[in-house]
$ cat final-v6.txt   # compact mmCIF, C-alpha atoms and all ligand atoms
# COMPACT_ATOMS: atom_id res chain seq x y z
CA MET A 293 15.67 199.63 127.98
CA THR A 294 12.29 199.66 126.23
CA ARG A 295 11.00 196.28 125.23
CA THR A 296 8.26 195.76 122.71
CA ILE A 297 6.17 192.67 122.47
CA ASP A 298 5.13 191.87 118.91
CA LYS A 299 5.28 188.09 118.81
CA VAL A 300 3.47 185.96 121.32
CA THR A 301 3.25 182.23 121.95
CA VAL A 302 0.59 180.71 124.19
CA LEU A 303 1.25 177.30 125.74
CA GLY A 304 -1.94 175.28 126.15
CA THR A 305 -5.07 175.72 124.02
CA GLY A 306 -7.63 174.80 126.68
CA VAL A 307 -10.30 177.07 128.16
CA LEU A 308 -8.03 179.99 129.01
CA GLY A 309 -5.13 179.45 126.62
CA SER A 310 -7.43 179.59 123.60
CA GLN A 311 -9.05 182.79 124.88
CA ILE A 312 -5.68 184.46 125.56
CA ALA A 313 -4.36 183.52 122.12
CA PHE A 314 -7.53 184.66 120.39
CA GLN A 315 -7.69 187.94 122.30
CA THR A 316 -4.07 188.61 121.29
CA ALA A 317 -4.80 187.91 117.61
CA PHE A 318 -8.01 189.95 117.78
CA HIS A 319 -5.91 192.96 118.72
CA GLY A 320 -3.61 192.54 115.74
CA VAL A 321 -0.69 190.66 117.31
CA ASP A 322 0.67 187.48 115.68
CA VAL A 323 0.31 184.49 117.95
CA VAL A 324 1.44 180.89 118.00
CA ALA A 325 -0.90 178.46 119.79
CA TYR A 326 1.07 175.50 121.14
CA ASP A 327 -0.32 172.26 122.53
CA ILE A 328 1.12 168.80 123.05
CA SER A 329 -0.35 167.01 120.03
CA ASP A 330 -1.75 167.69 116.58
CA GLU A 331 -4.94 165.95 117.66
CA ILE A 332 -5.47 168.45 120.48
CA LEU A 333 -4.68 171.27 118.08
CA GLU A 334 -7.49 170.08 115.81
CA THR A 335 -9.90 170.49 118.74
CA ALA A 336 -8.30 173.86 119.42
CA LYS A 337 -9.09 175.05 115.91
CA GLN A 338 -12.76 174.40 116.59
CA ARG A 339 -12.44 176.29 119.86
CA PHE A 340 -10.97 179.29 118.04
CA HIS A 341 -13.82 179.27 115.52
CA GLY A 342 -16.26 179.14 118.44
CA LEU A 343 -14.48 182.12 120.00
CA ALA A 344 -14.70 184.07 116.75
CA ALA A 345 -18.46 183.54 116.81
CA ARG A 346 -18.72 184.62 120.47
CA TYR A 347 -16.67 187.79 119.88
CA THR A 348 -18.81 188.71 116.90
CA GLN A 349 -21.97 188.12 118.92
CA ASP A 350 -20.86 189.84 122.14
CA LEU A 351 -18.84 192.77 120.81
CA PRO A 352 -21.05 195.07 118.72
CA ASP A 353 -18.12 196.78 116.96
CA ALA A 354 -16.19 193.56 116.18
CA GLY A 355 -17.20 193.66 112.51
CA THR A 356 -14.97 191.24 110.57
CA ARG A 357 -12.11 191.48 113.07
CA ALA A 358 -12.86 188.14 114.71
CA GLU A 359 -12.67 186.32 111.37
CA GLU A 360 -9.45 188.16 110.55
CA ALA A 361 -7.99 187.20 113.91
CA LEU A 362 -8.25 183.52 112.97
CA GLY A 363 -5.70 184.19 110.24
CA ARG A 364 -3.20 185.55 112.74
CA VAL A 365 -2.97 182.31 114.73
CA ARG A 366 -0.36 179.72 113.83
CA TYR A 367 -0.70 176.27 115.42
CA SER A 368 2.26 174.18 116.53
CA SER A 369 2.85 171.00 118.51
CA ASP A 370 6.65 171.42 118.42
CA LEU A 371 7.78 173.50 121.38
CA ALA A 372 11.11 174.59 119.88
CA ASP A 373 9.35 175.74 116.72
CA ALA A 374 6.55 177.42 118.68
CA VAL A 375 8.81 179.63 120.79
CA ARG A 376 11.77 180.27 118.47
CA ASP A 377 10.70 183.82 117.64
CA ALA A 378 8.62 184.76 120.70
CA ASP A 379 8.95 188.04 122.58
CA LEU A 380 6.50 186.73 125.16
CA VAL A 381 5.38 183.21 126.06
CA ILE A 382 2.16 182.98 128.07
CA GLU A 383 1.80 179.66 129.83
CA ALA A 384 -1.74 178.30 130.31
CA VAL A 385 -1.07 174.60 130.91
CA PRO A 386 -3.02 172.62 133.55
CA GLU A 387 -2.84 173.83 137.14
CA ALA A 388 -0.29 171.26 138.38
CA LEU A 389 2.95 172.49 139.91
CA GLU A 390 5.21 169.65 138.75
CA LEU A 391 3.91 169.88 135.20
CA LYS A 392 4.46 173.63 135.11
CA ARG A 393 7.99 173.24 136.49
CA GLN A 394 8.79 170.72 133.73
CA VAL A 395 7.35 173.03 131.11
CA TYR A 396 9.48 175.96 132.35
CA THR A 397 12.62 173.82 132.44
CA GLN A 398 12.13 172.85 128.79
CA LEU A 399 11.08 176.34 127.79
CA GLY A 400 14.09 177.93 129.46
CA GLU A 401 16.36 175.84 127.25
CA LEU A 402 14.46 176.37 124.00
CA ALA A 403 13.33 180.00 124.03
CA PRO A 404 15.55 182.86 122.86
CA GLU A 405 17.43 184.81 125.51
CA ARG A 406 15.15 187.87 125.25
CA THR A 407 11.85 186.02 125.64
CA ILE A 408 9.68 186.91 128.62
CA PHE A 409 7.70 184.10 130.28
CA ALA A 410 4.33 184.77 131.94
CA SER A 411 2.17 182.30 133.85
CA ASN A 412 -1.62 182.44 133.84
CA SER A 413 -1.81 180.24 136.94
CA SER A 414 -4.75 181.06 139.21
CA THR A 415 -3.55 179.47 142.42
CA LEU A 416 0.25 179.13 142.19
CA LEU A 417 2.66 181.97 142.86
CA PRO A 418 5.38 182.85 140.36
CA SER A 419 7.89 182.16 143.16
CA ASP A 420 6.80 178.50 143.03
CA MET A 421 8.12 178.26 139.47
CA VAL A 422 10.76 180.96 139.05
CA ASP A 423 13.74 178.70 139.82
CA PHE A 424 12.87 176.49 136.85
CA THR A 425 12.72 179.23 134.22
CA GLY A 426 16.45 179.92 133.87
CA ARG A 427 15.57 183.65 133.64
CA PRO A 428 14.18 184.94 136.96
CA ASP A 429 14.30 188.57 135.80
CA ARG A 430 12.11 187.81 132.75
CA PHE A 431 9.37 185.87 134.51
CA LEU A 432 6.09 186.92 136.15
CA ALA A 433 2.39 186.08 136.37
CA LEU A 434 -0.14 187.50 133.93
CA HIS A 435 -3.54 186.32 135.03
CA PHE A 436 -6.65 186.58 132.91
CA ALA A 437 -10.27 185.90 133.84
CA ASN A 438 -12.56 183.46 132.06
CA GLU A 439 -14.44 185.08 129.14
CA ILE A 440 -11.54 187.43 128.71
CA TRP A 441 -13.31 189.57 126.07
CA LEU A 442 -15.99 190.50 128.61
CA HIS A 443 -14.11 190.32 131.92
CA ASN A 444 -10.99 192.08 130.76
CA THR A 445 -8.79 192.28 133.83
CA ALA A 446 -5.16 191.18 133.48
CA GLU A 447 -3.50 190.87 136.86
CA VAL A 448 0.26 191.39 136.63
CA MET A 449 2.32 189.99 139.50
CA GLY A 450 6.09 189.58 139.61
CA THR A 451 8.54 188.05 142.05
CA PRO A 452 11.22 190.14 143.79
CA ALA A 453 13.51 189.12 140.91
CA THR A 454 11.32 190.43 138.08
CA ASP A 455 12.97 193.24 136.13
CA PRO A 456 10.82 196.40 136.34
CA ASP A 457 11.27 196.94 132.57
CA VAL A 458 9.90 193.48 131.92
CA TYR A 459 6.97 194.17 134.23
CA ALA A 460 6.26 197.47 132.43
CA ALA A 461 6.46 195.79 129.01
CA VAL A 462 3.92 193.17 130.08
CA VAL A 463 1.59 195.86 131.47
CA ALA A 464 1.83 197.70 128.12
CA PHE A 465 1.18 194.48 126.22
CA ALA A 466 -1.91 193.75 128.36
CA ARG A 467 -3.26 197.20 127.57
CA ARG A 468 -2.50 196.74 123.87
CA ILE A 469 -4.68 193.62 123.69
CA GLY A 470 -7.64 195.36 125.31
CA MET A 471 -7.05 194.40 128.92
CA GLU A 472 -7.28 196.57 132.01
CA PRO A 473 -3.93 195.83 133.69
CA ILE A 474 -4.17 195.29 137.44
CA GLU A 475 -0.71 195.95 138.81
CA LEU A 476 0.20 194.04 141.97
CA ARG A 477 3.20 195.34 143.86
CA LYS A 478 3.93 192.04 145.61
CA GLU A 479 2.92 188.40 145.45
CA GLN A 480 -0.53 187.60 146.75
CA PRO A 481 -2.32 184.23 146.55
CA GLY A 482 -5.58 184.85 144.67
CA TYR A 483 -4.25 188.13 143.24
CA VAL A 484 -6.58 191.12 143.88
CA LEU A 485 -9.81 189.77 142.45
CA ASN A 486 -10.01 186.45 144.26
CA SER A 487 -8.65 187.98 147.46
CA LEU A 488 -11.83 190.07 147.44
CA LEU A 489 -14.26 187.61 145.91
CA VAL A 490 -13.52 184.38 147.78
CA PRO A 491 -14.16 185.80 151.29
CA LEU A 492 -17.43 187.33 150.03
CA LEU A 493 -18.59 184.02 148.57
CA ASN A 494 -17.53 182.13 151.72
CA ALA A 495 -19.41 184.56 153.96
CA ALA A 496 -22.52 184.28 151.80
CA SER A 497 -22.44 180.49 151.81
CA ALA A 498 -21.98 180.47 155.62
CA LEU A 499 -25.09 182.68 156.05
CA TYR A 500 -27.00 180.26 153.82
CA VAL A 501 -25.73 177.08 155.52
CA ASP A 502 -26.56 178.53 158.95
CA GLY A 503 -30.08 179.38 157.79
CA VAL A 504 -29.64 183.07 158.59
CA ALA A 505 -31.15 184.22 155.30
CA ASP A 506 -32.05 182.79 151.90
CA PRO A 507 -29.96 183.45 148.76
CA GLU A 508 -32.37 186.06 147.36
CA THR A 509 -32.26 188.04 150.60
CA ILE A 510 -28.48 187.82 150.86
CA ASP A 511 -28.05 188.94 147.23
CA LYS A 512 -30.57 191.77 147.63
CA THR A 513 -28.75 193.03 150.70
CA TRP A 514 -25.46 193.11 148.83
CA ARG A 515 -26.91 194.81 145.77
CA ILE A 516 -28.80 197.51 147.63
CA GLY A 517 -26.16 198.01 150.32
CA THR A 518 -23.20 198.41 147.96
CA GLY A 519 -24.68 199.21 144.56
CA ALA A 520 -23.07 196.09 143.10
CA PRO A 521 -24.98 194.70 140.10
CA ALA A 522 -25.00 191.11 141.39
CA GLY A 523 -25.05 189.34 144.73
CA PRO A 524 -22.88 186.35 145.71
CA PHE A 525 -25.41 183.68 144.71
CA GLN A 526 -25.83 185.28 141.30
CA ILE A 527 -22.04 185.06 141.04
CA PHE A 528 -22.12 181.37 142.06
CA ASP A 529 -24.57 180.76 139.20
CA VAL A 530 -22.20 182.41 136.73
CA VAL A 531 -19.10 180.58 138.01
CA GLY A 532 -21.06 177.32 137.87
CA LEU A 533 -22.16 175.19 140.80
CA ASN A 534 -19.85 172.32 139.82
CA THR A 535 -16.83 174.59 140.28
CA ALA A 536 -18.25 175.92 143.55
CA TYR A 537 -18.78 172.32 144.68
CA HIS A 538 -15.25 171.19 143.79
CA ILE A 539 -13.65 174.09 145.64
CA SER A 540 -15.90 173.91 148.72
CA SER A 541 -15.76 170.12 149.08
CA VAL A 542 -12.00 170.17 149.75
CA SER A 543 -12.09 173.22 152.01
CA GLU A 544 -10.57 173.06 155.49
CA SER A 545 -13.72 174.72 156.81
CA GLU A 546 -16.47 172.34 157.90
CA LYS A 547 -19.08 174.94 156.96
CA GLN A 548 -17.73 175.14 153.41
CA ARG A 549 -17.82 171.35 153.12
CA ARG A 550 -21.45 171.42 154.33
CA PHE A 551 -22.19 174.03 151.65
CA ALA A 552 -20.72 171.64 149.06
CA GLU A 553 -23.07 168.85 150.25
CA ILE A 554 -26.08 171.15 150.13
CA ILE A 555 -25.46 172.41 146.62
CA LYS A 556 -24.85 168.86 145.43
CA GLU A 557 -28.13 167.57 146.87
CA ARG A 558 -30.32 170.54 146.06
CA PHE A 559 -28.91 171.61 142.70
CA ILE A 560 -26.17 169.56 141.03
CA ASP A 561 -27.96 166.20 141.36
CA GLN A 562 -30.98 167.87 139.72
CA GLY A 563 -28.83 169.02 136.79
CA LYS A 564 -29.02 172.63 137.99
CA LEU A 565 -25.51 173.93 137.47
CA GLY A 566 -26.17 177.65 137.19
CA VAL A 567 -26.51 179.99 134.22
CA ALA A 568 -24.97 177.42 131.84
CA THR A 569 -27.89 174.99 132.33
CA GLY A 570 -30.60 177.63 132.72
CA GLU A 571 -31.06 177.09 136.46
CA GLY A 572 -29.06 177.26 139.66
CA PHE A 573 -29.96 179.41 142.62
CA TYR A 574 -32.06 181.33 140.08
CA ARG A 575 -33.91 180.42 136.88
CA TYR A 576 -32.70 181.86 133.60
CA GLY A 577 -34.38 182.01 130.24
CA GLU A 578 -36.87 184.32 128.57
CA GLN A 579 -37.82 185.99 131.84
CA ALA A 580 -34.25 186.37 133.09
P1 LIG B 601 -7.50 173.37 130.42
O1 LIG B 601 -7.43 172.04 131.05
O2 LIG B 601 -8.78 173.80 129.78
O3 LIG B 601 -6.35 173.50 129.31
C1 LIG B 601 -5.04 173.10 129.50
C2 LIG B 601 -4.37 172.87 128.15
O4 LIG B 601 -2.99 172.64 128.35
C3 LIG B 601 -4.93 171.65 127.41
O5 LIG B 601 -5.23 172.01 126.08
C4 LIG B 601 -3.77 170.64 127.47
O6 LIG B 601 -3.71 169.78 126.34
C5 LIG B 601 -2.59 171.58 127.51
N1 LIG B 601 -1.36 170.97 128.03
C6 LIG B 601 -1.20 169.90 128.85
N2 LIG B 601 0.12 169.69 129.07
C7 LIG B 601 0.79 170.63 128.38
C8 LIG B 601 2.16 170.94 128.19
N3 LIG B 601 3.11 170.20 128.77
N4 LIG B 601 2.49 171.98 127.40
C9 LIG B 601 1.53 172.72 126.80
N5 LIG B 601 0.21 172.49 126.94
C10 LIG B 601 -0.15 171.45 127.72
O7 LIG B 601 -7.05 174.40 131.55
P2 LIG B 601 -7.45 175.95 131.72
O8 LIG B 601 -8.74 176.04 132.47
O9 LIG B 601 -7.31 176.63 130.42
O10 LIG B 601 -6.32 176.41 132.74
C11 LIG B 601 -4.99 176.65 132.29
C12 LIG B 601 -4.32 177.60 133.26
O11 LIG B 601 -5.08 178.82 133.29
C13 LIG B 601 -4.23 177.11 134.70
O12 LIG B 601 -3.02 177.52 135.25
C14 LIG B 601 -5.41 177.83 135.37
O13 LIG B 601 -5.15 178.08 136.75
C15 LIG B 601 -5.43 179.13 134.63
N6 LIG B 601 -6.73 179.84 134.65
C16 LIG B 601 -7.90 179.18 134.36
C17 LIG B 601 -9.10 179.87 134.41
C18 LIG B 601 -10.43 179.19 134.08
O14 LIG B 601 -11.48 179.78 134.35
N7 LIG B 601 -10.43 177.99 133.49
C19 LIG B 601 -9.12 181.25 134.72
C20 LIG B 601 -7.89 181.90 134.98
C21 LIG B 601 -6.71 181.18 134.94
$ encode --input "final-v6.txt" --output "structure tokens" --more "lines below"
Ligand code: NAD
Amino acid sequence: MTRTIDKVTVLGTGVLGSQIAFQTAFHGVDVVAYDISDEILETAKQRFHGLAARYTQDLPDAGTRAEEALGRVRYSSDLADAVRDADLVIEAVPEALELKRQVYTQLGELAPERTIFASNSSTLLPSDMVDFTGRPDRFLALHFANEIWLHNTAEVMGTPATDPDVYAAVVAFARRIGMEPIELRKEQPGYVLNSLLVPLLNAASALYVDGVADPETIDKTWRIGTGAPAGPFQIFDVVGLNTAYHISSVSESEKQRRFAEIIKERFIDQGKLGVATGEGFYRYGEQA
């Protein structure tokens, strides 16, 4: 059976949910943006206008498409209303397992039979949630990266119960909205991207903590040795040192916790959070 996805609902209008909804609308697909209150949806509208400006600035051939995309988004704080006509619901609610399970329980009761559910969770596996969806064959993960219009991977990861036709329809949808689908054949914590990136960043921070080499030297080695455009400390600056701190400070590895202390003392306490504040491991600005 061929399934087409023409109507999409995104749950959560935060950092990623707003980007996913806007990217969908930007590529001509009608989208409903759902969040838990009208007040939050007012903030979301500002977010969407901010995204329209970013798309226009960053994508040279965007023309008037970003403005037009705003007209394709309908806002709703009523879950039954938001999902009543959806072919696909993409869930981007906060990264808390119990909350997501509650959301899927409710959603499973309210959404039409045909509707596919996809989770954008970064750290949970679809298997953690599948039993709460009421439709194991129509559930999988569809994971986007921050700044979706620039970093356009969409990692697609099912459970053993996911129907291959559903998987294929979601891959086709991802492609339709300008994503490069990354097809995972089995469940993997961290998907493909973070399975590669996290060990690299951990190894780089260990070299730094141990005083083996400074960040510039480590980055230069990686760039020249592999041809990659950026080294791990340049990546830390893009991710943001606050995020790096939060992840490292709760690590089981003592060395990672030491890295968290160092970046707090040397950078975060000085207001140096990376590219976003103009300085982190490197300085940014006119000369950057
Ligand atoms: P966020 O905190 O910015 O946004 C979460 C949104 O969900 C908020 O608008 C909140 O009001 C809303 N919300 C809360 N409870 C809800 C409910 N019951 N139903 C619907 N909406 C509800 O979070 P985020 O950074 O956008 O992350 C959302 C998901 O996306 C997480 O699973 C996260 O792992 C994943 N993700 C985040 C990033 C990132 O860089 N931020 C990247 C990839 C994936």
$ residues_near_ligand --input "final-v6.txt" --ligand "ligand LIG 601 (chain B)" --cutoff "10 Å" --atoms "only C-alpha atoms and all ligand atoms" --output "short mmCIF file (atom, residue, chain, number, x, y, z; two decimals) with C-alpha atoms, keeping the file's coordinate frame"
data_model
loop_
_atom_site.label_atom_id
_atom_site.label_comp_id
_atom_site.auth_asym_id
_atom_site.auth_seq_id
_atom_site.Cartn_x
_atom_site.Cartn_y
_atom_site.Cartn_z
CA VAL A 302 0.59 180.71 124.19
CA LEU A 303 1.25 177.30 125.74
CA GLY A 304 -1.94 175.28 126.15
CA THR A 305 -5.07 175.72 124.02
CA GLY A 306 -7.63 174.80 126.68
CA VAL A 307 -10.30 177.07 128.16
CA LEU A 308 -8.03 179.99 129.01
CA GLY A 309 -5.13 179.45 126.62
CA SER A 310 -7.43 179.59 123.60
CA GLN A 311 -9.05 182.79 124.88
CA ILE A 312 -5.68 184.46 125.56
CA ALA A 325 -0.90 178.46 119.79
CA TYR A 326 1.07 175.50 121.14
CA ASP A 327 -0.32 172.26 122.53
CA ILE A 328 1.12 168.80 123.05
CA SER A 329 -0.35 167.01 120.03
CA GLU A 331 -4.94 165.95 117.66
CA ILE A 332 -5.47 168.45 120.48
CA LEU A 333 -4.68 171.27 118.08
CA THR A 335 -9.90 170.49 118.74
CA ALA A 336 -8.30 173.86 119.42
CA SER A 369 2.85 171.00 118.51
CA ASP A 370 6.65 171.42 118.42
CA LEU A 371 7.78 173.50 121.38
CA ILE A 382 2.16 182.98 128.07
CA GLU A 383 1.80 179.66 129.83
CA ALA A 384 -1.74 178.30 130.31
CA VAL A 385 -1.07 174.60 130.91
CA PRO A 386 -3.02 172.62 133.55
CA GLU A 387 -2.84 173.83 137.14
CA ALA A 388 -0.29 171.26 138.38
CA LEU A 389 2.95 172.49 139.91
CA LEU A 391 3.91 169.88 135.20
CA LYS A 392 4.46 173.63 135.11
CA ARG A 393 7.99 173.24 136.49
CA GLN A 394 8.79 170.72 133.73
CA VAL A 395 7.35 173.03 131.11
CA TYR A 396 9.48 175.96 132.35
CA GLN A 398 12.13 172.85 128.79
CA LEU A 399 11.08 176.34 127.79
CA SER A 411 2.17 182.30 133.85
CA ASN A 412 -1.62 182.44 133.84
CA SER A 413 -1.81 180.24 136.94
CA SER A 414 -4.75 181.06 139.21
CA THR A 415 -3.55 179.47 142.42
CA LEU A 416 0.25 179.13 142.19
CA LEU A 434 -0.14 187.50 133.93
CA HIS A 435 -3.54 186.32 135.03
CA PHE A 436 -6.65 186.58 132.91
CA ALA A 437 -10.27 185.90 133.84
CA ASN A 438 -12.56 183.46 132.06
CA GLU A 439 -14.44 185.08 129.14
CA ILE A 440 -11.54 187.43 128.71
CA ALA A 446 -5.16 191.18 133.48
CA VAL A 531 -19.10 180.58 138.01
CA THR A 535 -16.83 174.59 140.28
#
$ closest_residue --input "final-v6.txt" --among "A:Phe314, A:Tyr537, A:Phe409, A:Phe525" --to "Ala552 of chain A" --atoms "all atoms listed in the file"
A:Tyr537
$ closest_residue --input "final-v6.txt" --among "A:Phe340, A:Gly363, A:Thr301, A:Gly450" --to "Asp377 of chain A" --atoms "only C-alpha atoms"
A:Thr301
$ atom_distance --input "final-v6.txt" --atom1 "atom CA of Phe573 of chain A" --atom2 "atom CA of Leu533 of chain A"
9.1 Å
$ atom_distance --input "final-v6.txt" --atom1 "atom CA of Asp373 of chain A" --atom2 "atom CA of Ile297 of chain A"
18.2 Å
$ residues_around --input "final-v6.txt" --residues "Pro404 of chain A" --least-positions-apart "5" --cutoff "12 Å" --atoms "only C-alpha atoms" --output "compact mmCIF listing (two decimals) with C-alpha atoms, keeping the file's coordinate frame"
# COMPACT_ATOMS: atom_id res chain seq x y z
CA ALA A 372 11.11 174.59 119.88
CA ASP A 373 9.35 175.74 116.72
CA ALA A 374 6.55 177.42 118.68
CA VAL A 375 8.81 179.63 120.79
CA ARG A 376 11.77 180.27 118.47
CA ASP A 377 10.70 183.82 117.64
CA ALA A 378 8.62 184.76 120.70
CA ASP A 379 8.95 188.04 122.58
CA LEU A 380 6.50 186.73 125.16
CA VAL A 381 5.38 183.21 126.06
CA LEU A 399 11.08 176.34 127.79
CA PHE A 409 7.70 184.10 130.28
CA GLY A 426 16.45 179.92 133.87
CA ARG A 427 15.57 183.65 133.64
CA ARG A 430 12.11 187.81 132.75
$ atom_distance --input "final-v6.txt" --atom1 "atom CA of Gln562 of chain A" --atom2 "atom CA of Gln548 of chain A"
20.4 Å
$ closest_residue --input "final-v6.txt" --among "A:Phe551, A:Trp514, A:Val448, A:Asp457" --to "Gly482 of chain A" --atoms "only C-alpha atoms"
A:Val448
$ residues_around --input "final-v6.txt" --residues "Arg357 of chain A" --least-positions-apart "4" --cutoff "10 Å" --atoms "only C-alpha atoms" --output "PDB file with C-alpha atoms, in the frame of the given file"
ATOM      1  CA  ALA A 317      -4.800 187.910 117.610  1.00  0.00           C
ATOM      2  CA  PHE A 318      -8.010 189.950 117.780  1.00  0.00           C
ATOM      3  CA  HIS A 319      -5.910 192.960 118.720  1.00  0.00           C
ATOM      4  CA  GLY A 320      -3.610 192.540 115.740  1.00  0.00           C
ATOM      5  CA  ALA A 344     -14.700 184.070 116.750  1.00  0.00           C
ATOM      6  CA  TYR A 347     -16.670 187.790 119.880  1.00  0.00           C
ATOM      7  CA  THR A 348     -18.810 188.710 116.900  1.00  0.00           C
ATOM      8  CA  ASP A 353     -18.120 196.780 116.960  1.00  0.00           C
ATOM      9  CA  ALA A 361      -7.990 187.200 113.910  1.00  0.00           C
ATOM     10  CA  LEU A 362      -8.250 183.520 112.970  1.00  0.00           C
TER      11      LEU A 362
END
$ axis_aligned_box --input "final-v6.txt" --around "segment 503-512 of chain A" --padding-each-side "5 Å" --output "JSON"
{"center_x": -30.2, "center_y": 185.6, "center_z": 152.9, "size_x": 14.3, "size_y": 22.4, "size_z": 21.4}
$ residues_around --input "final-v6.txt" --residues "segment 515-524 of chain A" --least-positions-apart "4" --cutoff "8 Å" --atoms "all atoms listed in the file" --output "list in words"
Leu492, Leu493, Ala496, Ile510, Asp511 and Phe528 of chain A
$ write_last_selection --input "final-v6.txt" --atoms "C-alpha atoms" --output "PDB file, keeping the file's coordinate frame"
ATOM      1  CA  LEU A 492     -17.430 187.330 150.030  1.00  0.00           C
ATOM      2  CA  LEU A 493     -18.590 184.020 148.570  1.00  0.00           C
ATOM      3  CA  ALA A 496     -22.520 184.280 151.800  1.00  0.00           C
ATOM      4  CA  ILE A 510     -28.480 187.820 150.860  1.00  0.00           C
ATOM      5  CA  ASP A 511     -28.050 188.940 147.230  1.00  0.00           C
ATOM      6  CA  PHE A 528     -22.120 181.370 142.060  1.00  0.00           C
TER       7      PHE A 528
END
$ residues_around --input "final-v6.txt" --residues "Ala461 of chain A" --least-positions-apart "2" --cutoff "12 Å" --atoms "only C-alpha atoms" --output "VMD selection string"
chain A and resid 293 to 298 379 to 380 407 to 410 430 to 432 434 448 454 to 459 463 to 468 473
$ closest_residue --input "final-v6.txt" --among "A:Asp429, A:Glu479, A:Glu401, A:Glu447" --to "Leu417 of chain A" --atoms "only C-alpha atoms"
A:Glu479
$ closest_residue --input "final-v6.txt" --among "A:Pro418, A:Val504, A:Asp330, A:Ser543" --to "Tyr483 of chain A" --atoms "all atoms listed in the file"
A:Pro418
$ residues_near_point --input "final-v6.txt" --point "(-27.1, 173.2, 141.3)" --cutoff "10 Å" --atoms "all atoms listed in the file" --output "PDB file with C-alpha atoms, in the coordinates of the input"
ATOM      1  CA  PHE A 528     -22.120 181.370 142.060  1.00  0.00           C
ATOM      2  CA  ASP A 529     -24.570 180.760 139.200  1.00  0.00           C
ATOM      3  CA  GLY A 532     -21.060 177.320 137.870  1.00  0.00           C
ATOM      4  CA  LEU A 533     -22.160 175.190 140.800  1.00  0.00           C
ATOM      5  CA  ASN A 534     -19.850 172.320 139.820  1.00  0.00           C
ATOM      6  CA  ALA A 536     -18.250 175.920 143.550  1.00  0.00           C
ATOM      7  CA  TYR A 537     -18.780 172.320 144.680  1.00  0.00           C
ATOM      8  CA  ILE A 554     -26.080 171.150 150.130  1.00  0.00           C
ATOM      9  CA  ILE A 555     -25.460 172.410 146.620  1.00  0.00           C
ATOM     10  CA  LYS A 556     -24.850 168.860 145.430  1.00  0.00           C
ATOM     11  CA  GLU A 557     -28.130 167.570 146.870  1.00  0.00           C
ATOM     12  CA  ARG A 558     -30.320 170.540 146.060  1.00  0.00           C
ATOM     13  CA  PHE A 559     -28.910 171.610 142.700  1.00  0.00           C
ATOM     14  CA  ILE A 560     -26.170 169.560 141.030  1.00  0.00           C
ATOM     15  CA  ASP A 561     -27.960 166.200 141.360  1.00  0.00           C
ATOM     16  CA  GLN A 562     -30.980 167.870 139.720  1.00  0.00           C
ATOM     17  CA  GLY A 563     -28.830 169.020 136.790  1.00  0.00           C
ATOM     18  CA  LYS A 564     -29.020 172.630 137.990  1.00  0.00           C
ATOM     19  CA  LEU A 565     -25.510 173.930 137.470  1.00  0.00           C
ATOM     20  CA  GLY A 566     -26.170 177.650 137.190  1.00  0.00           C
ATOM     21  CA  VAL A 567     -26.510 179.990 134.220  1.00  0.00           C
ATOM     22  CA  THR A 569     -27.890 174.990 132.330  1.00  0.00           C
ATOM     23  CA  GLU A 571     -31.060 177.090 136.460  1.00  0.00           C
ATOM     24  CA  GLY A 572     -29.060 177.260 139.660  1.00  0.00           C
ATOM     25  CA  PHE A 573     -29.960 179.410 142.620  1.00  0.00           C
ATOM     26  CA  TYR A 574     -32.060 181.330 140.080  1.00  0.00           C
TER      27      TYR A 574
END
$ closest_residue --input "final-v6.txt" --among "A:Lys337, A:Arg406, A:His443, A:Arg575" --to "Val365 of chain A" --atoms "only C-alpha atoms"
A:Lys337
$ build_atoms --input "final-v6.txt" --residues "segment 439-445 of chain A" --atoms "N, CA, C and O atoms" --output "CSV table (one decimal), keeping the file's coordinate frame"
chain,number,residue,atom,x,y,z
A,439,GLU,N,-13.7,184.2,130.0
A,439,GLU,CA,-14.4,185.1,129.1
A,439,GLU,C,-13.7,186.4,129.1
A,439,GLU,O,-14.3,187.5,129.4
A,440,ILE,N,-12.5,186.3,128.7
A,440,ILE,CA,-11.5,187.4,128.7
A,440,ILE,C,-12.0,188.7,127.9
A,440,ILE,O,-11.7,189.8,128.3
A,441,TRP,N,-12.9,188.4,126.9
A,441,TRP,CA,-13.3,189.6,126.1
A,441,TRP,C,-14.4,190.4,126.8
A,441,TRP,O,-14.7,191.5,126.4
A,442,LEU,N,-15.0,189.8,127.8
A,442,LEU,CA,-16.0,190.5,128.6
A,442,LEU,C,-15.4,190.9,130.0
A,442,LEU,O,-15.7,192.0,130.4
A,443,HIS,N,-14.7,190.0,130.6
A,443,HIS,CA,-14.1,190.3,131.9
A,443,HIS,C,-12.6,190.6,131.7
A,443,HIS,O,-11.8,189.7,131.9
A,444,ASN,N,-12.3,191.8,131.3
A,444,ASN,CA,-11.0,192.1,130.8
A,444,ASN,C,-10.0,192.6,131.8
A,444,ASN,O,-9.3,193.6,131.5
A,445,THR,N,-9.9,191.9,132.9
A,445,THR,CA,-8.8,192.3,133.8
A,445,THR,C,-7.6,191.4,133.5
A,445,THR,O,-7.7,190.2,133.1
